[in-house]
>>> print(open('entry38.tsv').read())   # TSV, C-alpha atoms and all ligand atoms
chain	number	residue	atom	x	y	z
C	4	MET	CA	62.07	36.47	-70.17
C	5	PRO	CA	60.05	39.48	-71.41
C	6	ASP	CA	56.66	40.25	-69.85
C	7	THR	CA	54.96	39.41	-73.10
C	8	ALA	CA	55.98	35.73	-72.99
C	9	PRO	CA	52.91	33.84	-74.22
C	10	LEU	CA	52.94	31.69	-71.09
C	11	GLN	CA	54.51	31.84	-67.67
C	12	LEU	CA	53.80	29.60	-64.68
C	13	ASP	CA	55.11	30.78	-61.30
C	14	ALA	CA	55.10	28.03	-58.66
C	15	ILE	CA	51.54	26.95	-59.37
C	16	ALA	CA	49.67	24.55	-57.09
C	17	CYS	CA	46.35	22.73	-57.60
C	18	GLN	CA	44.33	20.50	-55.32
C	19	TYR	CA	41.44	18.08	-55.66
C	20	ASP	CA	39.29	17.83	-52.50
C	21	GLY	CA	42.07	19.38	-50.41
C	22	HIS	CA	44.59	16.88	-51.77
C	23	PRO	CA	47.56	18.56	-53.53
C	24	VAL	CA	48.17	17.14	-57.03
C	25	VAL	CA	50.37	19.87	-58.55
C	26	ARG	CA	53.02	21.71	-56.51
C	27	GLY	CA	55.50	24.47	-57.25
C	28	VAL	CA	55.42	24.05	-61.04
C	29	SER	CA	57.20	26.90	-62.84
C	30	PHE	CA	58.15	27.32	-66.47
C	31	ALA	CA	57.85	29.87	-69.24
C	32	LEU	CA	57.55	29.69	-73.00
C	33	GLU	CA	58.67	32.21	-75.56
C	34	SER	CA	56.75	32.78	-78.74
C	35	GLY	CA	56.72	29.76	-81.05
C	36	GLN	CA	58.20	27.32	-78.55
C	37	ILE	CA	56.66	23.86	-78.23
C	38	ALA	CA	56.67	22.21	-74.82
C	39	CYS	CA	55.80	18.65	-73.85
C	40	LEU	CA	54.85	17.71	-70.33
C	41	LEU	CA	55.98	14.16	-69.80
C	42	GLY	CA	55.64	11.82	-66.86
C	43	PRO	CA	54.00	8.67	-65.54
C	44	SER	CA	50.25	8.31	-65.17
C	45	GLY	CA	48.79	10.47	-62.40
C	46	CYS	CA	51.82	12.81	-62.09
C	47	GLY	CA	49.71	15.93	-62.72
C	48	LYS	CA	50.28	16.67	-66.43
C	49	THR	CA	46.62	17.02	-67.35
C	50	THR	CA	45.86	19.03	-64.22
C	51	THR	CA	48.67	21.46	-65.13
C	52	LEU	CA	47.28	21.78	-68.66
C	53	ARG	CA	43.74	22.28	-67.35
C	54	ALA	CA	45.02	24.97	-64.98
C	55	ILE	CA	46.62	26.77	-67.97
C	56	ALA	CA	43.29	26.46	-69.78
C	57	GLY	CA	41.44	28.02	-66.84
C	58	LEU	CA	39.58	24.78	-66.13
C	59	GLU	CA	41.19	24.22	-62.70
C	60	PRO	CA	41.67	26.91	-60.05
C	61	LEU	CA	45.05	27.53	-58.43
C	62	THR	CA	45.61	27.26	-54.69
C	63	ALA	CA	48.99	29.02	-54.97
C	64	GLY	CA	51.23	30.65	-57.55
C	65	ARG	CA	50.09	32.34	-60.73
C	66	ILE	CA	49.72	31.84	-64.47
C	67	LEU	CA	50.45	34.70	-66.83
C	68	ILE	CA	49.28	34.67	-70.43
C	69	ARG	CA	50.97	37.35	-72.55
C	70	GLY	CA	52.13	39.00	-69.35
C	71	ALA	CA	48.66	39.32	-67.78
C	72	VAL	CA	47.61	37.31	-64.74
C	73	ALA	CA	45.12	34.68	-65.90
C	74	SER	CA	45.08	32.59	-62.69
C	75	ARG	CA	46.08	33.00	-59.08
C	76	ALA	CA	44.56	31.76	-55.81
C	77	GLY	CA	41.03	33.18	-55.73
C	78	PHE	CA	40.97	34.30	-59.39
C	79	THR	CA	40.54	32.29	-62.60
C	80	LEU	CA	40.01	34.07	-65.89
C	81	PRO	CA	37.43	31.96	-67.78
C	82	PRO	CA	38.80	29.70	-70.55
C	83	GLU	CA	37.01	31.59	-73.36
C	84	LYS	CA	38.82	34.81	-72.38
C	85	ARG	CA	42.33	33.28	-72.65
C	86	ALA	CA	42.74	33.23	-76.46
C	87	LEU	CA	43.65	29.56	-76.36
C	88	GLY	CA	43.22	26.69	-78.76
C	89	MET	CA	42.58	23.30	-77.21
C	90	VAL	CA	42.76	19.79	-78.61
C	91	PHE	CA	41.96	16.85	-76.42
C	92	GLN	CA	42.06	13.11	-76.96
C	93	ASP	CA	38.32	12.90	-77.59
C	94	HIS	CA	38.08	15.39	-80.43
C	95	ALA	CA	34.56	16.61	-79.47
C	96	LEU	CA	33.66	17.89	-82.91
C	97	PHE	CA	30.11	19.13	-83.37
C	98	PRO	CA	28.46	16.14	-85.09
C	99	HIS	CA	25.63	18.16	-86.66
C	100	LEU	CA	28.01	20.72	-88.26
C	101	SER	CA	29.95	20.18	-91.48
C	102	VAL	CA	33.74	20.06	-91.33
C	103	ALA	CA	33.93	23.66	-92.59
C	104	ASP	CA	31.41	24.85	-89.99
C	105	ASN	CA	33.32	23.05	-87.25
C	106	VAL	CA	36.51	24.85	-88.28
C	107	ALA	CA	34.65	28.17	-88.62
C	108	PHE	CA	33.11	27.84	-85.16
C	109	ALA	CA	35.49	30.21	-83.38
C	110	LEU	CA	35.48	32.70	-86.29
C	111	ARG	CA	31.87	33.83	-85.88
C	112	ARG	CA	32.82	37.48	-85.50
C	113	GLN	CA	34.69	37.65	-88.81
C	114	SER	CA	33.18	38.57	-92.18
C	115	ARG	CA	31.88	35.72	-94.32
C	116	GLU	CA	34.79	36.13	-96.77
C	117	ALA	CA	37.52	36.26	-94.12
C	118	ARG	CA	35.96	33.24	-92.40
C	119	ALA	CA	35.82	31.19	-95.63
C	120	ARG	CA	39.42	32.11	-96.43
C	121	ARG	CA	40.73	31.07	-93.01
C	122	VAL	CA	38.71	27.82	-93.05
C	123	GLU	CA	40.18	26.94	-96.43
C	124	GLU	CA	43.69	27.84	-95.19
C	125	CYS	CA	43.32	25.69	-92.06
C	126	LEU	CA	41.91	22.72	-93.98
C	127	GLU	CA	44.90	22.97	-96.28
C	128	LEU	CA	47.26	23.11	-93.27
C	129	VAL	CA	45.85	19.81	-91.97
C	130	ARG	CA	45.76	18.41	-95.51
C	131	LEU	CA	41.97	18.06	-95.70
C	132	GLU	CA	41.33	20.61	-98.43
C	133	GLY	CA	38.11	19.90	-100.31
C	134	MET	CA	36.52	18.06	-97.35
C	135	GLY	CA	34.66	21.06	-95.93
C	136	GLU	CA	31.22	19.84	-96.93
C	137	ARG	CA	31.56	16.48	-95.21
C	138	PHE	CA	30.36	15.66	-91.70
C	139	PRO	CA	32.61	14.37	-88.89
C	140	HIS	CA	31.11	10.84	-88.93
C	141	GLU	CA	32.17	10.52	-92.58
C	142	LEU	CA	35.85	10.89	-91.62
C	143	SER	CA	38.42	8.49	-90.12
C	144	GLY	CA	39.71	8.93	-86.55
C	145	GLY	CA	42.91	10.54	-87.83
C	146	GLN	CA	40.98	12.92	-90.07
C	147	GLN	CA	38.68	13.88	-87.19
C	148	GLN	CA	41.72	14.80	-85.08
C	149	ARG	CA	43.05	16.88	-87.97
C	150	ILE	CA	39.73	18.74	-88.01
C	151	ALA	CA	39.96	19.31	-84.26
C	152	LEU	CA	43.44	20.73	-84.84
C	153	ALA	CA	42.22	22.98	-87.68
C	154	ARG	CA	39.36	24.21	-85.51
C	155	ALA	CA	41.72	25.08	-82.66
C	156	LEU	CA	44.20	26.81	-84.99
C	157	ALA	CA	41.62	28.81	-86.95
C	158	PRO	CA	41.38	31.86	-84.63
C	159	ARG	CA	45.22	32.07	-84.43
C	160	PRO	CA	45.42	31.45	-80.68
C	161	THR	CA	48.27	32.81	-78.55
C	162	LEU	CA	48.70	29.36	-77.17
C	163	MET	CA	47.64	25.85	-78.11
C	164	LEU	CA	47.02	23.23	-75.44
C	165	LEU	CA	46.96	19.62	-76.54
C	166	ASP	CA	46.28	16.66	-74.25
C	167	GLU	CA	47.45	13.37	-75.81
C	168	PRO	CA	45.80	14.53	-79.03
C	169	PHE	CA	46.48	11.37	-81.03
C	170	ALA	CA	46.49	8.77	-78.24
C	171	SER	CA	43.49	6.93	-79.64
C	172	LEU	CA	45.19	6.37	-83.00
C	173	ASP	CA	47.55	3.55	-83.97
C	174	LEU	CA	51.30	4.06	-83.59
C	175	ASP	CA	52.25	4.77	-87.22
C	176	LEU	CA	49.47	7.30	-87.71
C	177	ARG	CA	50.27	8.88	-84.35
C	178	ARG	CA	53.93	9.37	-85.30
C	179	GLN	CA	52.98	10.81	-88.67
C	180	LEU	CA	50.42	13.20	-87.16
C	181	ASN	CA	52.88	14.29	-84.49
C	182	GLN	CA	55.39	15.30	-87.15
C	183	GLU	CA	52.64	17.10	-89.06
C	184	LEU	CA	51.55	18.81	-85.85
C	185	ARG	CA	55.09	20.03	-85.24
C	186	ALA	CA	55.38	21.35	-88.81
C	187	ILE	CA	52.00	23.11	-88.55
C	188	LEU	CA	52.80	24.72	-85.18
C	189	LEU	CA	56.17	25.92	-86.52
C	190	HIS	CA	54.57	27.20	-89.74
C	191	GLU	CA	51.94	29.12	-87.78
C	192	GLY	CA	54.45	30.25	-85.14
C	193	THR	CA	52.06	28.96	-82.48
C	194	THR	CA	53.29	28.42	-78.94
C	195	ALA	CA	52.06	25.09	-77.59
C	196	VAL	CA	51.94	22.86	-74.54
C	197	ILE	CA	51.39	19.18	-75.25
C	198	VAL	CA	50.72	16.48	-72.66
C	199	THR	CA	52.05	13.03	-73.41
C	200	HIS	CA	53.42	10.03	-71.58
C	201	ASP	CA	55.39	8.88	-74.62
C	202	GLN	CA	59.04	9.96	-74.31
C	203	GLU	CA	59.91	9.39	-77.98
C	204	GLU	CA	56.91	11.45	-79.01
C	205	ALA	CA	57.92	14.28	-76.69
C	206	PHE	CA	61.52	14.31	-77.93
C	207	ALA	CA	60.41	14.30	-81.57
C	208	ILE	CA	58.05	17.27	-81.22
C	209	ALA	CA	59.22	19.54	-78.45
C	210	SER	CA	61.67	22.39	-78.10
C	211	HIS	CA	61.27	22.01	-74.33
C	212	VAL	CA	60.38	18.98	-72.23
C	213	GLY	CA	59.13	19.09	-68.66
C	214	ILE	CA	59.44	15.85	-66.70
C	215	MET	CA	56.87	15.58	-63.91
C	216	ARG	CA	56.54	13.22	-60.98
C	217	GLY	CA	54.14	13.34	-58.02
C	218	GLY	CA	52.81	16.76	-58.98
C	219	GLU	CA	56.27	18.35	-59.28
C	220	LEU	CA	58.31	19.42	-62.27
C	221	LEU	CA	61.66	17.65	-61.89
C	222	GLN	CA	63.41	19.09	-64.94
C	223	TRP	CA	62.63	21.58	-67.69
C	224	ASP	CA	65.07	21.56	-70.58
C	225	ASN	CA	65.51	20.87	-74.27
C	226	PRO	CA	65.22	17.17	-75.25
C	227	TYR	CA	69.00	16.79	-75.75
C	228	THR	CA	69.77	18.02	-72.23
C	229	ILE	CA	67.00	15.92	-70.68
C	230	TYR	CA	68.49	12.83	-72.34
C	231	HIS	CA	72.20	13.57	-71.93
C	232	ALA	CA	72.24	15.60	-68.71
C	233	PRO	CA	69.31	14.37	-66.61
C	234	SER	CA	69.15	16.07	-63.22
C	235	THR	CA	67.97	13.02	-61.31
C	236	ARG	CA	68.03	9.28	-61.70
C	237	PHE	CA	64.25	9.27	-62.20
C	238	VAL	CA	64.60	11.67	-65.15
C	239	ALA	CA	67.48	9.58	-66.53
C	240	GLU	CA	65.34	6.44	-66.41
C	241	PHE	CA	62.24	8.11	-67.77
C	242	ALA	CA	64.10	9.77	-70.65
C	243	GLY	CA	65.33	6.60	-72.28
C	244	ALA	CA	67.13	3.29	-72.03
C	245	GLY	CA	70.43	2.96	-70.23
C	246	ALA	CA	72.22	1.33	-67.34
C	247	PHE	CA	73.76	2.54	-64.09
C	248	LEU	CA	77.15	1.21	-63.07
C	249	ARG	CA	78.56	1.53	-59.57
C	250	GLY	CA	81.74	3.53	-59.47
C	251	VAL	CA	84.24	5.39	-57.30
C	252	VAL	CA	85.57	8.82	-58.31
C	253	GLN	CA	89.36	8.94	-58.89
C	254	GLN	CA	91.85	11.75	-59.42
C	255	GLY	CA	91.85	13.37	-62.87
C	256	ASN	CA	88.11	13.28	-63.63
C	257	CYS	CA	88.06	9.48	-63.75
C	258	VAL	CA	85.61	6.98	-62.29
C	259	HIS	CA	86.60	3.41	-61.52
C	260	THR	CA	83.86	0.96	-62.56
C	261	ALA	CA	83.37	-2.69	-63.49
C	262	VAL	CA	84.17	-1.72	-67.11
C	263	GLY	CA	87.43	-0.05	-66.12
C	264	GLU	CA	88.44	3.58	-65.69
C	265	LEU	CA	86.00	5.96	-67.38
C	266	ARG	CA	87.43	9.40	-68.04
C	267	SER	CA	85.21	12.46	-68.34
C	268	HIS	CA	86.11	15.32	-70.66
C	269	GLN	CA	84.44	17.66	-68.21
C	270	PRO	CA	85.13	18.22	-64.50
C	271	LEU	CA	83.25	15.74	-62.29
C	272	ALA	CA	82.61	18.14	-59.38
C	273	ARG	CA	83.09	15.31	-56.87
C	274	THR	CA	85.98	14.52	-54.55
C	275	PRO	CA	88.05	11.38	-55.14
C	276	GLY	CA	86.71	8.43	-53.16
C	277	THR	CA	83.05	9.39	-53.62
C	278	ALA	CA	80.74	6.46	-54.44
C	279	VAL	CA	78.64	7.20	-57.53
C	280	GLN	CA	76.48	5.64	-60.18
C	281	VAL	CA	77.45	6.26	-63.79
C	282	LEU	CA	74.75	6.48	-66.44
C	283	LEU	CA	75.68	4.72	-69.67
C	284	ARG	CA	73.24	5.14	-72.54
C	285	PRO	CA	72.96	2.31	-75.11
C	286	GLU	CA	74.83	4.31	-77.74
C	287	ASP	CA	77.79	4.72	-75.33
C	288	VAL	CA	78.37	0.96	-75.54
C	289	ILE	CA	79.92	-0.05	-78.87
C	290	PRO	CA	80.48	-3.64	-80.03
C	291	ALA	CA	84.14	-4.15	-81.04
C	292	SER	CA	85.89	-7.48	-81.67
C	293	SER	CA	89.02	-6.07	-80.01
C	294	GLY	CA	86.97	-4.33	-77.28
C	295	ALA	CA	88.10	-4.08	-73.69
C	296	VAL	CA	84.90	-5.23	-71.99
C	297	LYS	CA	83.64	-8.81	-72.12
C	298	THR	CA	79.89	-9.34	-71.76
C	299	VAL	CA	77.24	-11.96	-72.46
C	300	VAL	CA	73.94	-11.17	-74.20
C	301	GLU	CA	71.17	-11.58	-71.65
C	302	HIS	CA	68.24	-10.13	-73.59
C	303	ARG	CA	67.66	-8.53	-76.98
C	304	VAL	CA	64.88	-6.56	-78.67
C	305	PHE	CA	64.88	-6.48	-82.48
C	306	THR	CA	63.21	-3.31	-83.80
C	307	GLY	CA	63.99	-3.63	-87.53
C	308	PRO	CA	66.82	-1.14	-88.08
C	309	ASN	CA	68.30	-1.69	-84.59
C	310	ILE	CA	68.77	-4.24	-81.87
C	311	LEU	CA	68.71	-3.14	-78.23
C	312	TYR	CA	70.79	-5.55	-76.18
C	313	GLN	CA	70.92	-6.09	-72.44
C	314	LEU	CA	74.42	-7.30	-71.64
C	315	LYS	CA	75.72	-8.89	-68.46
C	316	LEU	CA	79.21	-8.21	-67.15
C	317	PRO	CA	81.22	-11.00	-65.44
C	318	GLN	CA	80.74	-9.17	-62.08
C	319	GLY	CA	76.94	-9.26	-62.57
C	320	GLU	CA	76.22	-5.63	-63.48
C	321	ARG	CA	74.39	-4.87	-66.72
C	322	LEU	CA	74.81	-2.60	-69.74
C	323	SER	CA	72.44	-1.58	-72.55
C	324	CYS	CA	73.81	-1.54	-76.07
C	325	LEU	CA	72.17	-0.30	-79.26
C	326	THR	CA	73.49	-1.60	-82.56
C	327	GLY	CA	72.41	-1.71	-86.16
C	328	SER	CA	70.45	-4.92	-86.72
C	329	HIS	CA	73.32	-6.45	-88.71
C	330	VAL	CA	75.17	-6.94	-85.39
C	331	ASP	CA	73.11	-10.02	-84.69
C	332	VAL	CA	74.16	-11.92	-81.56
C	333	ALA	CA	71.99	-14.55	-79.86
C	334	VAL	CA	71.03	-14.62	-76.18
C	335	GLY	CA	73.71	-16.44	-74.19
C	336	GLU	CA	76.48	-15.60	-76.71
C	337	PRO	CA	79.48	-13.37	-75.82
C	338	LEU	CA	79.70	-9.79	-77.08
C	339	THR	CA	82.83	-7.68	-76.57
C	340	VAL	CA	82.31	-3.93	-76.33
C	341	ASP	CA	84.07	-0.62	-75.82
C	342	ILE	CA	82.70	2.26	-73.75
C	343	ALA	CA	82.51	5.51	-75.69
C	344	ALA	CA	81.06	7.87	-73.06
C	345	LYS	CA	82.85	11.23	-73.16
C	346	HIS	CA	80.65	13.21	-70.82
C	347	LEU	CA	79.96	11.18	-67.68
C	348	VAL	CA	76.57	11.57	-65.98
C	349	LEU	CA	76.93	10.72	-62.29
C	350	PHE	CA	74.45	10.27	-59.49
C	351	ASN	CA	75.33	9.96	-55.85
C	352	GLY	CA	75.33	6.65	-54.03
C	353	ASP	CA	76.39	3.08	-54.61
C	354	ALA	CA	72.94	1.44	-54.40
C	401	LIG	N1	38.60	15.43	-61.00
C	401	LIG	C1	39.45	14.87	-60.13
C	401	LIG	N2	39.11	14.69	-58.83
C	401	LIG	C2	39.96	14.14	-57.94
C	401	LIG	N3	41.22	13.74	-58.25
C	401	LIG	C3	41.62	13.90	-59.52
C	401	LIG	C4	40.77	14.47	-60.53
C	401	LIG	N4	41.46	14.49	-61.70
C	401	LIG	C5	42.67	13.96	-61.45
C	401	LIG	N5	42.79	13.61	-60.15
C	401	LIG	C6	44.00	13.05	-59.50
C	401	LIG	O1	45.01	14.01	-59.59
C	401	LIG	C7	46.27	13.41	-59.88
C	401	LIG	C8	46.86	13.99	-61.13
C	401	LIG	O2	46.01	13.65	-62.23
C	401	LIG	P1	46.32	14.10	-63.73
C	401	LIG	O3	45.15	13.68	-64.57
C	401	LIG	O4	46.70	15.51	-63.75
C	401	LIG	O5	47.58	13.19	-64.08
C	401	LIG	P2	48.25	12.85	-65.49
C	401	LIG	O6	49.70	12.99	-65.27
C	401	LIG	O7	47.65	13.68	-66.55
C	401	LIG	O8	47.86	11.34	-65.68
C	401	LIG	P3	47.50	10.51	-67.02
C	401	LIG	O9	48.79	10.39	-67.80
C	401	LIG	O10	47.06	9.19	-66.47
C	401	LIG	O11	46.43	11.26	-67.73
C	401	LIG	C9	46.01	11.90	-59.97
C	401	LIG	O12	46.34	11.34	-58.73
C	401	LIG	C10	44.52	11.82	-60.22
C	401	LIG	O13	44.00	10.64	-59.67
>>> encode(input="entry38.tsv", output="C-alpha cells")
Amino acid sequence: MPDTAPLQLDAIACQYDGHPVVRGVSFALESGQIACLLGPSGCGKTTTLRAIAGLEPLTAGRILIRGAVASRAGFTLPPEKRALGMVFQDHALFPHLSVADNVAFALRRQSREARARRVEECLELVRLEGMGERFPHELSGGQQQRIALARALAPRPTLMLLDEPFASLDLDLRRQLNQELRAILLHEGTTAVIVTHDQEEAFAIASHVGIMRGGELLQWDNPYTIYHAPSTRFVAEFAGAGAFLRGVVQQGNCVHTAVGELRSHQPLARTPGTAVQVLLRPEDVIPASSGAVKTVVEHRVFTGPNILYQLKLPQGERLSCLTGSHVDVAVGEPLTVDIAAKHLVLFNGDA
C-alpha cells in the first residue's frame, strides 16, 4: 500500500469514559475504493467513522490521511483540516440558505464563476439540477439527502464519510439512492467509508466490507469473499442466510454429514476425524425431483421473485434453500434437494 493511500488505520483504539469501544482496528483504502463498515448495533462502527473524521480522539494506534498522521494518542487534527466530506443520517442542511448556497458552503474560497459551475455540476450529479433557488424545507427527505451529498462532494474531498446516510428513508428509495451514491462516488473517483447495519446494502455498494463486533474488526474483504469465505461463524451468520451442518472430515477432502458425503474442490486443511460444521448457503441447496436429500418444508418466506425455505432433515438438522418463486411448496410438504456446494466452508467444533 503506497504512503499516499487516502486512508489508513493502524490498530486504532477509542474509549468512552475509560471504557474501550474500538480496539485494534486496521484497514486501508486505495483511491476510489468504497468501504462499508457493517455490524450489529453498538459494535463501534460510528465511533470508528467519527475517529476518522477527527471527532473522537484515539487512545492507541494512528490514522493516516494521504500518508500524513491525522490522529494518534495525544494528537487529533481538527475535522476541518482533513479534507473530508461528511454525510450523516440527519442531513443538517442550513435551513436559511438556498439549495445552491448550501452546496456552495464549502467553496467560499473559490471565484464566483468557479463556485457556480461546481454547484451546478454537483446538483446535476445528484439529479437536482434547476432546484438551486429552493430552500431545504421545500424538498422531500430523499431530495434533502441528495443535497447533503452534493454539499459534501462539492469541494472534491479526499475522502467521504457517510453514516447510515439514507436510514430515515423508506426501503425502495434507500436502495435507489444507494445505487446512485455508488455511481456518483465511482464517477467522481471519491474514496468513501460508509457505516451501515444492512448487509444487502453493504454488499450492493462496497468494494470492501469490514465486519465489526464488540469494537473489533473481524474481517476486511470484498463482499464476495465475506459471503463465500467468512473467517468466523459470526461473520458467516452476519453476511447472509445459511445453515450449519455437523460433519466429520474424511480422507480425500470429503466431509461426512447428514446430507451425505460432501466433497470439496479445494484442500480442507483438516485431518480426517476432525469434527466440523459445514456452512451451506441457500443457493447451495437445489430442489430436484430426483435429488438425494429428503427434507420437509418447515418455514418459507415469499419475496416476490424468490422463496427462501427452511427445510428440516429427517435427523432434525436444518437447511436453507433459495428458489425462484415458481417452486412453490407449502409448509409441511416434502421437498427433495441436491447439495451443490463446491467449495466447503468449515468451522471447528460439533456444537
Ligand atoms: N458519546 C458516548 N458516550 C459513551 N458511550 C458511547 C458514546 N457513543 C457511543 N457509545 C458506546 O460505544 C459503543 C459503540 O457505539 P457506536 O455508536 O460506535 O456503535 P455502532 O456500531 O455505530 O452502533 P449503531 O449501529 O447502533 O449506531 C456502544 O456501546 C455505545 O453505547
>>> closest_residue(input="entry38.tsv", among="C:Thr50, C:Thr235, C:Asn351, C:Thr260", to="ligand LIG 401 (chain C)", atoms="all atoms listed in the file")
C:Thr50
>>> closest_residue(input="entry38.tsv", among="C:Leu180, C:Ala278, C:Leu40, C:Ala186", to="ligand LIG 401 (chain C)", atoms="all atoms listed in the file")
C:Leu40
>>> residues_around(input="entry38.tsv", residues="segment 127-140 of chain C", least_positions_apart="5", cutoff="9 Å", atoms="all atoms listed in the file", output="ChimeraX atom specification")
/C:96-106,122,146-147,149-150,152-153,183-184,187
>>> residues_near_ligand(input="entry38.tsv", ligand="ligand LIG 401 (chain C)", cutoff="10 Å", atoms="all atoms listed in the file", output="JSON, numbers by chain")
{"C": [17, 18, 19, 20, 21, 22, 23, 24, 25, 40, 41, 42, 43, 44, 45, 46, 47, 48, 49, 50, 51, 52, 53, 54, 59, 166, 167, 198, 199, 200, 201, 215, 216, 217, 218]}
>>> atom_distance(input="entry38.tsv", atom1="atom CA of Gln92 of chain C", atom2="atom CA of Cys125 of chain C")
19.7 Å
>>> residues_around(input="entry38.tsv", residues="Glu204 of chain C", least_positions_apart="3", cutoff="12 Å", atoms="only C-alpha atoms", output="NGL selection string")
:C and (38-41 or 167-170 or 174-175 or 177-182 or 184-185 or 197-201 or 207-210 or 212 or 226 or 242-243)
>>> atom_distance(input="entry38.tsv", atom1="atom CA of Leu61 of chain C", atom2="atom CA of Gln36 of chain C")
24.0 Å
>>> closest_residue(input="entry38.tsv", among="C:Leu80, C:Leu110, C:Val252, C:Val28", to="Ile214 of chain C", atoms="all atoms listed in the file")
C:Val28
>>> atom_distance(input="entry38.tsv", atom1="atom CA of Ala63 of chain C", atom2="atom CA of Asp13 of chain C")
9.0 Å
>>> closest_residue(input="entry38.tsv", among="C:Gly144, C:Pro82, C:Gly192, C:Pro233", to="Pro9 of chain C", atoms="all atoms listed in the file")
C:Gly192
>>> closest_residue(input="entry38.tsv", among="C:Val348, C:Ala95, C:Ala56, C:Ala246", to="Pro81 of chain C", atoms="all atoms listed in the file")
C:Ala56
>>> closest_residue(input="entry38.tsv", among="C:Thr193, C:Thr7, C:Ser29, C:Ser114", to="Glu219 of chain C", atoms="only C-alpha atoms")
C:Ser29
>>> residues_near_point(input="entry38.tsv", point="(50.3, 38.5, -73.8)", cutoff="8 Å", atoms="all atoms listed in the file", output="list in words")
Asp6, Thr7, Ala8, Pro9, Leu10, Leu67, Ile68, Arg69, Gly70, Ala71 and Thr161 of chain C
>>> decode(input="entry38.tsv", residues="segment 296-334 of chain C", atoms="C-alpha atoms", output="PDB file, in the first residue's frame")
ATOM      1  CA  VAL C 296     -31.689 -35.487   0.150  1.00  0.00           C
ATOM      2  CA  LYS C 297     -35.215 -35.739   1.531  1.00  0.00           C
ATOM      3  CA  THR C 298     -36.486 -32.784   3.563  1.00  0.00           C
ATOM      4  CA  VAL C 299     -39.747 -31.277   4.779  1.00  0.00           C
ATOM      5  CA  VAL C 300     -40.589 -27.571   4.441  1.00  0.00           C
ATOM      6  CA  GLU C 301     -40.632 -26.083   7.926  1.00  0.00           C
ATOM      7  CA  HIS C 302     -40.873 -22.385   7.084  1.00  0.00           C
ATOM      8  CA  ARG C 303     -40.960 -20.237   3.948  1.00  0.00           C
ATOM      9  CA  VAL C 304     -40.599 -16.544   3.118  1.00  0.00           C
ATOM     10  CA  PHE C 305     -42.052 -15.366  -0.203  1.00  0.00           C
ATOM     11  CA  THR C 306     -40.205 -12.283  -1.502  1.00  0.00           C
ATOM     12  CA  GLY C 307     -41.775 -11.972  -4.972  1.00  0.00           C
ATOM     13  CA  PRO C 308     -39.082 -13.306  -7.309  1.00  0.00           C
ATOM     14  CA  ASN C 309     -37.798 -15.856  -4.763  1.00  0.00           C
ATOM     15  CA  ILE C 310     -38.842 -18.074  -1.915  1.00  0.00           C
ATOM     16  CA  LEU C 311     -36.433 -18.693   0.968  1.00  0.00           C
ATOM     17  CA  TYR C 312     -37.224 -22.055   2.524  1.00  0.00           C
ATOM     18  CA  GLN C 313     -36.172 -23.501   5.855  1.00  0.00           C
ATOM     19  CA  LEU C 314     -36.035 -27.265   5.407  1.00  0.00           C
ATOM     20  CA  LYS C 315     -35.837 -29.970   8.052  1.00  0.00           C
ATOM     21  CA  LEU C 316     -33.828 -33.141   7.533  1.00  0.00           C
ATOM     22  CA  PRO C 317     -35.099 -36.489   8.930  1.00  0.00           C
ATOM     23  CA  GLN C 318     -32.266 -36.372  11.544  1.00  0.00           C
ATOM     24  CA  GLY C 319     -33.506 -32.941  12.746  1.00  0.00           C
ATOM     25  CA  GLU C 320     -30.850 -30.644  11.272  1.00  0.00           C
ATOM     26  CA  ARG C 321     -31.937 -27.775   9.021  1.00  0.00           C
ATOM     27  CA  LEU C 322     -31.034 -26.349   5.620  1.00  0.00           C
ATOM     28  CA  SER C 323     -31.856 -23.047   3.904  1.00  0.00           C
ATOM     29  CA  CYS C 324     -32.870 -23.165   0.269  1.00  0.00           C
ATOM     30  CA  LEU C 325     -33.468 -20.297  -2.149  1.00  0.00           C
ATOM     31  CA  THR C 326     -35.600 -20.954  -5.206  1.00  0.00           C
ATOM     32  CA  GLY C 327     -37.404 -18.975  -7.840  1.00  0.00           C
ATOM     33  CA  SER C 328     -40.952 -18.342  -6.639  1.00  0.00           C
ATOM     34  CA  HIS C 329     -42.363 -20.834  -9.143  1.00  0.00           C
ATOM     35  CA  VAL C 330     -41.005 -23.638  -6.913  1.00  0.00           C
ATOM     36  CA  ASP C 331     -43.963 -23.243  -4.610  1.00  0.00           C
ATOM     37  CA  VAL C 332     -44.125 -25.835  -1.825  1.00  0.00           C
ATOM     38  CA  ALA C 333     -46.318 -25.477   1.268  1.00  0.00           C
ATOM     39  CA  VAL C 334     -45.155 -25.774   4.879  1.00  0.00           C
TER      40      VAL C 334
END
